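A.B. asks: My questions will all concern the structure given below.
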Amino acid sequence: MTENIIIPVRIKKNYIPKDLGVKLLGTWALDQEDLGNDKDLTILEYIYDDFELLHDDHLYTKDLYTKLLPILGKILNDTHDLNWDIRSLKVFYGSWLQTYLPVIRERFQTVSKALEENPDDKFFLTNYEINISSSEEFKKKINEDEYNHFLYSKLLKFIDNERYNKSLSYCLQSKSVSRNVSRGGINLRLKTIFLSNLQIVLNLFSRNSKSAVDRSYFSLKDFIKLIFWTFPSVMPIVYFPQLNQSKNKFNQALRDKLTIKLKNFYLAENIFEEFLLENIFRDVPIDFIENFKKVYEASNYINIKDKNILSTNAILFNQVFQCAVANQLSLSKNLIIVQHGGSYGIVRWSMQEFYELDMADKFISFGWSRLDYSHIQKISHPKLLKNFKKNKVTNNKILYITWGPSRFFNRSWSNPIAGKSISNYYSNMLIFLRNFDTSIGKIYIRLSPSNYEYKIGIEKFFGPTFNYADGDFYDEIQSASLVVCDHNQTTFLESLTNNKPTIIVWNTDYTKITDTALLYFDELRSAGIFFNSHIEASNYLNDIIAYSSIDDWWMDSSRQVVVRSFVENFAKRNVNWIEDYKKLLSI
């Protein structure tokens, strides 16, 4: 009988003993050049192939987040001699915790299932450790093989130490690491000097401002326009201090003490929570504990006391800015967060959407609202105001815009993630592309930058027969006769709101949307804009080009009514956005 070994992540195959049978823990362990599993390797059944279980775990981790955050916050308040309220705790610690809990739950469930269903198999593990410096670094590392190898190994050791000791060891990294991307370079240093001095000047002239705004999700043009009409009543934030984290030291003794305190405050209800209590203070970023003083001191360079704050990406990813907001935003002032992802308001469940709505005092949506959140403002965003010129269109040029999700589960939401859902996503791409009639039009594939970031290998999966659109994103959309979008993100909203002929197609088994959104998608389906079947969508597109013209089809009056209705509710064009923002900022 052949002895099998379970491979948890991508590794060099020459490290695997040749006398062992190979099983992959999940689709994320497939070679970059073998995205479709052409080698026909055995891949273990994925725990979240059951989307109902995924939803159940989403509700569980969301509840766990609300229970644990105040406890962690109290412990860290005491550690740093602070008195931050719950909103401050959400801002500074919540961004990490709302990602950490679903990710660790998924890794725990994956390892547990593999152990239970493969009792005689060994694992290929590692014994090195990785320390995380910041929340931003954690969100990067959970998409990489090295860190996930560390997580899977640690989980297996906790769940079944005997199996851990019987497994084989392999090191992707030779020693404990805590790495950050280098921020060097003379151009960057000059930019930093310029922005830091500019911020001093802006602070001086807007010292009596009522609000502050960072650029994070605005184009430079829109940011300048907003500041032009609001300055000095609104202080623009153009500079965020950077930290040198190369000398961070991990204080295990302190973290052990914090772990003991946590166990005194919270009683685990299952083995997963036992793992959390044992490891959460081992896994929290160094910026939360050992490096907190540096973060706190750097945050004082951002002077936002007695101001309302309007932010998008920065409030989610910049640790220094998060600390400034957590420490300086008074209870009488508002934290205003602007929607920055097209799935919000449409996706059936999303931990990140929940986190932002729960944290914000005011939330600016693209046009949607929810009965359970009265603080949503349907103001929209200037991102949706681009105007595409028809004289730039190339006849019968079809732009197929793909998505590049991480190979690893990296957030809890009702979109394709791994296992069957992601395999289905990739195979459906080929179904659509191969069925398109190239004798009547030309189709170009637009790859997401994350295809390269996450090392997905999609070009090799497609093969050499397809054309690619790799110019400026908006130039490519503008020149297309019709845009095809196969995922629930901002792209199809930008296309529809600019009245660009658009076809949306995805598998509703894995891309699930809210009941409210479903009503509008049913109208899109009736209008021939939304499809659940890739072969039907491709056939429909062939017919449009063969028997009509794309423009005539799109401008049909009944179809335009449907488009306008959808846009008004999910991709609202608001030419008066500056005036609405000014009101919200109390100018």
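Residues in the structure tokens are numbered from 1 in each chain, the chains being A, B, ... in the order shown, and ligands are numbered from 1 in the order shown.
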List every residue of segment 7-201 of chain A that DSSP, applied to the backbone of this structure, places in strand (DSSP E or B), and write the result as an NGL selection string.
C.D. replies: :A and (7 or 21-24 or 42-43 or 122-125 or 130 or 168-169 or 177)
A.B. asks: Those same residues - all heavy atoms - I'd like them written as a tab-separated table (two decimals), in the first residue's frame.
C.D. replies:
```
chain	number	residue	atom	x	y	z
A	7	ILE	N	0.32	17.74	0.86
A	7	ILE	CA	1.10	18.95	0.62
A	7	ILE	C	0.20	20.17	0.85
A	7	ILE	O	-0.79	20.35	0.14
A	7	ILE	CB	1.66	18.98	-0.82
A	7	ILE	CG1	2.37	17.66	-1.15
A	7	ILE	CG2	2.57	20.18	-1.02
A	7	ILE	CD1	3.57	17.38	-0.29
A	21	GLY	N	2.83	8.79	-2.24
A	21	GLY	CA	1.76	9.35	-3.05
A	21	GLY	C	1.45	10.77	-2.59
A	21	GLY	O	1.54	11.08	-1.40
A	22	VAL	N	1.08	11.62	-3.53
A	22	VAL	CA	0.89	13.04	-3.22
A	22	VAL	C	-0.58	13.41	-3.24
A	22	VAL	O	-1.32	13.06	-4.16
A	22	VAL	CB	1.66	13.93	-4.23
A	22	VAL	CG1	1.31	15.39	-4.04
A	22	VAL	CG2	3.16	13.72	-4.08
A	23	LYS	N	-1.00	14.12	-2.21
A	23	LYS	CA	-2.31	14.75	-2.16
A	23	LYS	C	-2.11	16.23	-1.84
A	23	LYS	O	-1.26	16.57	-1.02
A	23	LYS	CB	-3.20	14.12	-1.07
A	23	LYS	CG	-3.55	12.66	-1.29
A	23	LYS	CD	-4.42	12.14	-0.14
A	23	LYS	CE	-4.79	10.68	-0.33
A	23	LYS	NZ	-5.62	10.17	0.81
A	24	LEU	N	-2.88	17.08	-2.49
A	24	LEU	CA	-2.81	18.50	-2.21
A	24	LEU	C	-3.90	18.88	-1.22
A	24	LEU	O	-5.04	18.43	-1.34
A	24	LEU	CB	-2.98	19.33	-3.49
A	24	LEU	CG	-1.98	19.06	-4.62
A	24	LEU	CD1	-2.21	20.05	-5.77
A	24	LEU	CD2	-0.54	19.15	-4.13
A	42	THR	N	-4.39	14.54	-6.97
A	42	THR	CA	-5.45	14.39	-6.00
A	42	THR	C	-5.52	15.64	-5.12
A	42	THR	O	-4.53	16.02	-4.50
A	42	THR	CB	-5.22	13.16	-5.11
A	42	THR	OG1	-5.18	11.99	-5.93
A	42	THR	CG2	-6.31	13.03	-4.06
A	43	ILE	N	-6.68	16.28	-5.10
A	43	ILE	CA	-6.88	17.47	-4.28
A	43	ILE	C	-7.97	17.15	-3.26
A	43	ILE	O	-9.06	16.69	-3.63
A	43	ILE	CB	-7.29	18.69	-5.13
A	43	ILE	CG1	-6.25	18.96	-6.22
A	43	ILE	CG2	-7.48	19.92	-4.25
A	43	ILE	CD1	-6.64	20.08	-7.17
A	122	LYS	N	0.52	11.30	6.05
A	122	LYS	CA	1.40	12.27	6.70
A	122	LYS	C	1.22	13.65	6.06
A	122	LYS	O	0.65	13.77	4.98
A	122	LYS	CB	2.86	11.82	6.55
A	122	LYS	CG	3.19	10.53	7.29
A	122	LYS	CD	4.65	10.17	7.11
A	122	LYS	CE	5.00	8.90	7.88
A	122	LYS	NZ	6.42	8.51	7.71
A	123	PHE	N	1.72	14.67	6.74
A	123	PHE	CA	1.70	16.04	6.21
A	123	PHE	C	3.13	16.51	5.97
A	123	PHE	O	4.07	16.06	6.61
A	123	PHE	CB	1.02	16.99	7.20
A	123	PHE	CG	-0.48	16.87	7.25
A	123	PHE	CD1	-1.09	15.81	7.89
A	123	PHE	CD2	-1.28	17.84	6.66
A	123	PHE	CE1	-2.47	15.69	7.94
A	123	PHE	CE2	-2.66	17.74	6.70
A	123	PHE	CZ	-3.25	16.67	7.35
A	124	PHE	N	3.25	17.42	5.05
A	124	PHE	CA	4.54	18.06	4.78
A	124	PHE	C	4.51	19.42	5.46
A	124	PHE	O	3.88	20.36	4.97
A	124	PHE	CB	4.73	18.21	3.27
A	124	PHE	CG	6.15	17.97	2.82
A	124	PHE	CD1	6.96	17.08	3.48
A	124	PHE	CD2	6.67	18.65	1.73
A	124	PHE	CE1	8.27	16.84	3.06
A	124	PHE	CE2	7.97	18.43	1.30
A	124	PHE	CZ	8.77	17.52	1.97
A	125	LEU	N	5.17	19.53	6.61
A	125	LEU	CA	5.04	20.70	7.46
A	125	LEU	C	6.35	21.47	7.57
A	125	LEU	O	7.34	21.15	6.92
A	125	LEU	CB	4.55	20.27	8.84
A	125	LEU	CG	3.23	19.49	8.85
A	125	LEU	CD1	2.89	19.04	10.26
A	125	LEU	CD2	2.10	20.33	8.28
A	130	ILE	N	6.96	32.79	11.87
A	130	ILE	CA	6.94	34.11	11.23
A	130	ILE	C	6.23	35.09	12.16
A	130	ILE	O	5.12	34.81	12.61
A	130	ILE	CB	6.24	34.07	9.86
A	130	ILE	CG1	7.00	33.17	8.90
A	130	ILE	CG2	6.10	35.46	9.28
A	130	ILE	CD1	6.36	33.04	7.54
A	168	LEU	N	6.42	14.88	7.94
A	168	LEU	CA	7.72	15.28	7.43
A	168	LEU	C	7.87	16.79	7.50
A	168	LEU	O	6.90	17.54	7.39
A	168	LEU	CB	7.89	14.81	5.98
A	168	LEU	CG	7.73	13.32	5.72
A	168	LEU	CD1	7.97	13.01	4.25
A	168	LEU	CD2	8.69	12.52	6.60
A	169	SER	N	9.10	17.23	7.67
A	169	SER	CA	9.36	18.66	7.82
A	169	SER	C	10.09	19.21	6.60
A	169	SER	O	10.99	18.57	6.05
A	169	SER	CB	10.19	18.91	9.09
A	169	SER	OG	10.47	20.27	9.24
A	177	VAL	N	11.48	34.84	10.58
A	177	VAL	CA	11.56	36.05	9.77
A	177	VAL	C	10.47	37.04	10.17
A	177	VAL	O	9.43	36.67	10.66
A	177	VAL	CB	11.41	35.74	8.26
A	177	VAL	CG1	12.57	34.94	7.75
A	177	VAL	CG2	10.10	35.03	7.99
```
A.B. asks: Mind checking which residues fall within 12 Å of Gly463 of chain A, counting only C-alpha atoms, ignoring those fewer than 6 positions away in the same chain, and posting them as a list in words?
C.D. replies: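 Answer for this query is Glu33, Asp34, Leu35, Gly36, Leu430, Leu433, Arg434 and Gly457 of chain A.
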A.B. asks: Restricting the calculation to only C-alpha atoms, which member of A:Lys362, A:Lys392, A:Lys378, A:Arg411 is positioned closest to Trp96 of chain A?
C.D. replies: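 That would be A:Arg411, the residue with the smallest distance to Trp96 of chain A.
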A.B. asks: Which residues are near segment 201-206 of chain A? Cut-off 12 Å, only C-alpha atoms, ignore same chain within fewer than 3 positions. Put them as a list of chain:residue names.
C.D. replies: A:Phe194, A:Leu195, A:Ser196, A:Asn197, A:Leu198, A:Ser209, A:Lys210, A:Ser211, A:Ala212, A:Val213, A:Ile227, A:Thr230, A:Phe231, A:Pro232, A:Ser233, A:Val234, A:Met235, A:Pro236, A:Ile237, A:Val238, A:Tyr239, A:Tyr301, A:Ile302, A:Asn303, A:Ile304, A:Lys305, A:Lys307
A.B. asks: Would you mind exporting the chosen residues as a tab-separated table (two decimals), in the first residue's frame, restricted to N, CA, C and O atoms?
C.D. replies:
```tsv
chain	number	residue	atom	x	y	z
A	194	PHE	N	8.90	66.17	0.50
A	194	PHE	CA	7.97	67.14	-0.07
A	194	PHE	C	6.61	67.07	0.60
A	194	PHE	O	6.04	68.09	1.01
A	195	LEU	N	6.07	65.85	0.74
A	195	LEU	CA	4.73	65.70	1.31
A	195	LEU	C	4.69	66.07	2.78
A	195	LEU	O	3.71	66.68	3.25
A	196	SER	N	5.74	65.75	3.53
A	196	SER	CA	5.75	66.09	4.95
A	196	SER	C	5.79	67.60	5.16
A	196	SER	O	5.10	68.13	6.05
A	197	ASN	N	6.53	68.30	4.32
A	197	ASN	CA	6.57	69.76	4.42
A	197	ASN	C	5.28	70.40	3.92
A	197	ASN	O	4.80	71.39	4.47
A	198	LEU	N	4.71	69.81	2.87
A	198	LEU	CA	3.42	70.30	2.38
A	198	LEU	C	2.36	70.14	3.45
A	198	LEU	O	1.51	71.03	3.63
A	209	SER	N	-9.92	74.11	10.87
A	209	SER	CA	-10.83	73.32	10.03
A	209	SER	C	-11.73	72.43	10.88
A	209	SER	O	-11.38	72.02	11.99
A	210	LYS	N	-12.91	72.13	10.33
A	210	LYS	CA	-13.87	71.29	11.02
A	210	LYS	C	-13.69	69.81	10.70
A	210	LYS	O	-14.18	68.95	11.42
A	211	SER	N	-13.02	69.54	9.57
A	211	SER	CA	-12.90	68.16	9.11
A	211	SER	C	-11.57	67.93	8.44
A	211	SER	O	-10.85	68.88	8.08
A	212	ALA	N	-11.24	66.65	8.24
A	212	ALA	CA	-10.02	66.25	7.53
A	212	ALA	C	-10.37	65.13	6.56
A	212	ALA	O	-11.25	64.31	6.82
A	213	VAL	N	-9.69	65.14	5.42
A	213	VAL	CA	-9.94	64.15	4.37
A	213	VAL	C	-8.62	63.63	3.85
A	213	VAL	O	-7.69	64.42	3.58
A	227	ILE	N	-10.63	69.55	-2.37
A	227	ILE	CA	-9.90	70.46	-1.49
A	227	ILE	C	-10.06	71.91	-1.95
A	227	ILE	O	-10.19	72.83	-1.13
A	230	THR	N	-13.28	73.20	-0.60
A	230	THR	CA	-13.54	73.08	0.83
A	230	THR	C	-12.45	73.66	1.72
A	230	THR	O	-12.67	73.89	2.90
A	231	PHE	N	-11.28	73.89	1.17
A	231	PHE	CA	-10.15	74.41	1.97
A	231	PHE	C	-10.40	75.88	2.30
A	231	PHE	O	-10.88	76.63	1.45
A	232	PRO	N	-10.12	76.36	3.52
A	232	PRO	CA	-9.43	75.67	4.62
A	232	PRO	C	-10.37	75.03	5.64
A	232	PRO	O	-9.93	74.64	6.71
A	233	SER	N	-11.69	74.95	5.32
A	233	SER	CA	-12.61	74.33	6.27
A	233	SER	C	-12.36	72.83	6.40
A	233	SER	O	-12.73	72.21	7.40
A	234	VAL	N	-11.75	72.26	5.38
A	234	VAL	CA	-11.35	70.85	5.41
A	234	VAL	C	-9.84	70.75	5.27
A	234	VAL	O	-9.25	71.37	4.37
A	235	MET	N	-9.23	70.01	6.16
A	235	MET	CA	-7.78	69.83	6.11
A	235	MET	C	-7.44	68.59	5.29
A	235	MET	O	-7.87	67.48	5.62
A	236	PRO	N	-6.70	68.74	4.20
A	236	PRO	CA	-6.29	67.55	3.43
A	236	PRO	C	-5.13	66.83	4.11
A	236	PRO	O	-4.18	67.47	4.58
A	237	ILE	N	-5.23	65.52	4.18
A	237	ILE	CA	-4.13	64.70	4.72
A	237	ILE	C	-3.39	64.10	3.54
A	237	ILE	O	-3.92	63.25	2.83
A	238	VAL	N	-2.17	64.56	3.31
A	238	VAL	CA	-1.38	64.10	2.16
A	238	VAL	C	-0.15	63.31	2.59
A	238	VAL	O	0.53	62.72	1.74
A	239	TYR	N	0.12	63.30	3.91
A	239	TYR	CA	1.35	62.64	4.37
A	239	TYR	C	1.05	61.74	5.56
A	239	TYR	O	0.44	62.15	6.55
A	301	TYR	N	1.99	63.10	14.50
A	301	TYR	CA	2.31	64.01	13.40
A	301	TYR	C	1.07	64.27	12.53
A	301	TYR	O	1.07	65.19	11.72
A	302	ILE	N	0.04	63.44	12.69
A	302	ILE	CA	-1.22	63.66	11.99
A	302	ILE	C	-2.17	64.35	12.98
A	302	ILE	O	-2.67	63.71	13.90
A	303	ASN	N	-2.38	65.63	12.81
A	303	ASN	CA	-3.16	66.40	13.77
A	303	ASN	C	-4.61	66.50	13.33
A	303	ASN	O	-4.98	67.32	12.48
A	304	ILE	N	-5.45	65.64	13.89
A	304	ILE	CA	-6.87	65.62	13.49
A	304	ILE	C	-7.79	65.76	14.70
A	304	ILE	O	-8.95	65.35	14.66
A	305	LYS	N	-7.29	66.39	15.74
A	305	LYS	CA	-8.12	66.60	16.93
A	305	LYS	C	-9.28	67.54	16.61
A	305	LYS	O	-9.12	68.50	15.86
A	307	LYS	N	-11.87	67.20	14.78
A	307	LYS	CA	-12.28	67.24	13.38
A	307	LYS	C	-13.07	65.97	13.03
A	307	LYS	O	-12.82	64.90	13.59
```
A.B. asks: If you count only C-alpha atoms, which residues fall within 9 Å of Glu494 of chain A, apart from same-chain ones fewer than 6 positions away, as a ChimeraX atom specification?
C.D. replies: /A:342,383-386,500,571
A.B. asks: Using only C-alpha atoms, find each residue of segment 234-339 of chain A with at least one atom at most 12 Å away from an atom of segment 573-587 of chain A; report its shortest atom-to-atom pair and that distance in Å (one decimal), sort the rows by chain and rising residue number, and return the result as a tab-separated table.
C.D. replies:
```
residue	atom	partner	partner_atom	distance
A:Val234	CA	A:Ile587	CA	8.0
A:Met235	CA	A:Leu585	CA	11.0
A:Lys307	CA	A:Leu585	CA	9.1
A:Asn308	CA	A:Leu585	CA	6.6
A:Ile309	CA	A:Leu585	CA	8.1
A:Leu310	CA	A:Leu585	CA	7.9
A:Ser311	CA	A:Leu585	CA	11.6
A:Lys333	CA	A:Leu585	CA	9.8
A:Asn334	CA	A:Leu585	CA	8.5
A:Leu335	CA	A:Leu585	CA	9.9
A:Ile336	CA	A:Leu585	CA	8.5
A:Ile337	CA	A:Leu584	CA	11.2
A:Val338	CA	A:Tyr581	CA	10.4
```
A.B. asks: If we count only C-alpha atoms, what is near Pro464 of chain A at a cut-off of 12 Å, once residues fewer than 5 positions away on the same chain are taken out, given as a list in words?
C.D. replies: Ile445, Ile458 and Glu459 of chain A
A.B. asks: What does the file look like for those residues with all heavy atoms, as an mmCIF file, in the first residue's frame?
C.D. replies:
```cif
data_model
loop_
_atom_site.group_PDB
_atom_site.id
_atom_site.type_symbol
_atom_site.label_atom_id
_atom_site.label_comp_id
_atom_site.auth_asym_id
_atom_site.auth_seq_id
_atom_site.Cartn_x
_atom_site.Cartn_y
_atom_site.Cartn_z
ATOM 1 N N ILE A 445 -8.811 39.908 -23.415
ATOM 2 C CA ILE A 445 -8.893 39.573 -21.992
ATOM 3 C C ILE A 445 -8.118 40.610 -21.189
ATOM 4 O O ILE A 445 -6.958 40.914 -21.502
ATOM 5 C CB ILE A 445 -8.304 38.180 -21.716
ATOM 6 C CG1 ILE A 445 -9.011 37.123 -22.569
ATOM 7 C CG2 ILE A 445 -8.418 37.839 -20.243
ATOM 8 C CD1 ILE A 445 -8.322 35.781 -22.534
ATOM 9 N N ILE A 458 -2.620 32.551 -14.808
ATOM 10 C CA ILE A 458 -3.802 32.451 -15.657
ATOM 11 C C ILE A 458 -3.474 32.480 -17.137
ATOM 12 O O ILE A 458 -4.160 31.866 -17.960
ATOM 13 C CB ILE A 458 -4.817 33.568 -15.301
ATOM 14 C CG1 ILE A 458 -6.181 33.301 -15.960
ATOM 15 C CG2 ILE A 458 -4.327 34.918 -15.703
ATOM 16 C CD1 ILE A 458 -7.218 32.921 -15.019
ATOM 17 N N GLU A 459 -2.409 33.182 -17.537
ATOM 18 C CA GLU A 459 -2.048 33.235 -18.956
ATOM 19 C C GLU A 459 -1.658 31.854 -19.471
ATOM 20 O O GLU A 459 -2.005 31.474 -20.592
ATOM 21 C CB GLU A 459 -0.919 34.240 -19.169
ATOM 22 C CG GLU A 459 -1.374 35.692 -19.083
ATOM 23 C CD GLU A 459 -0.273 36.671 -19.419
ATOM 24 O OE1 GLU A 459 -0.108 37.012 -20.609
ATOM 25 O OE2 GLU A 459 0.429 37.099 -18.483
#
```
A.B. asks: One decimal, in Å: what's the spacing between atom CA of Phe275 of chain A and atom CA of Pro70 of chain A?
C.D. replies: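 One can read the atom CA of Phe275 of chain A to atom CA of Pro70 of chain A distance as 18.9 Å.
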A.B. asks: Write out as a PyMOL selection string which residues come within 12 Å of Ser95 of chain A when counting only C-alpha atoms, dropping same-chain ones fewer than 5 positions away.
C.D. replies: chain A and resi 65+69+87-90+100-101+134-139+284-285+288+313-319+322-323+351-356+358-359+411
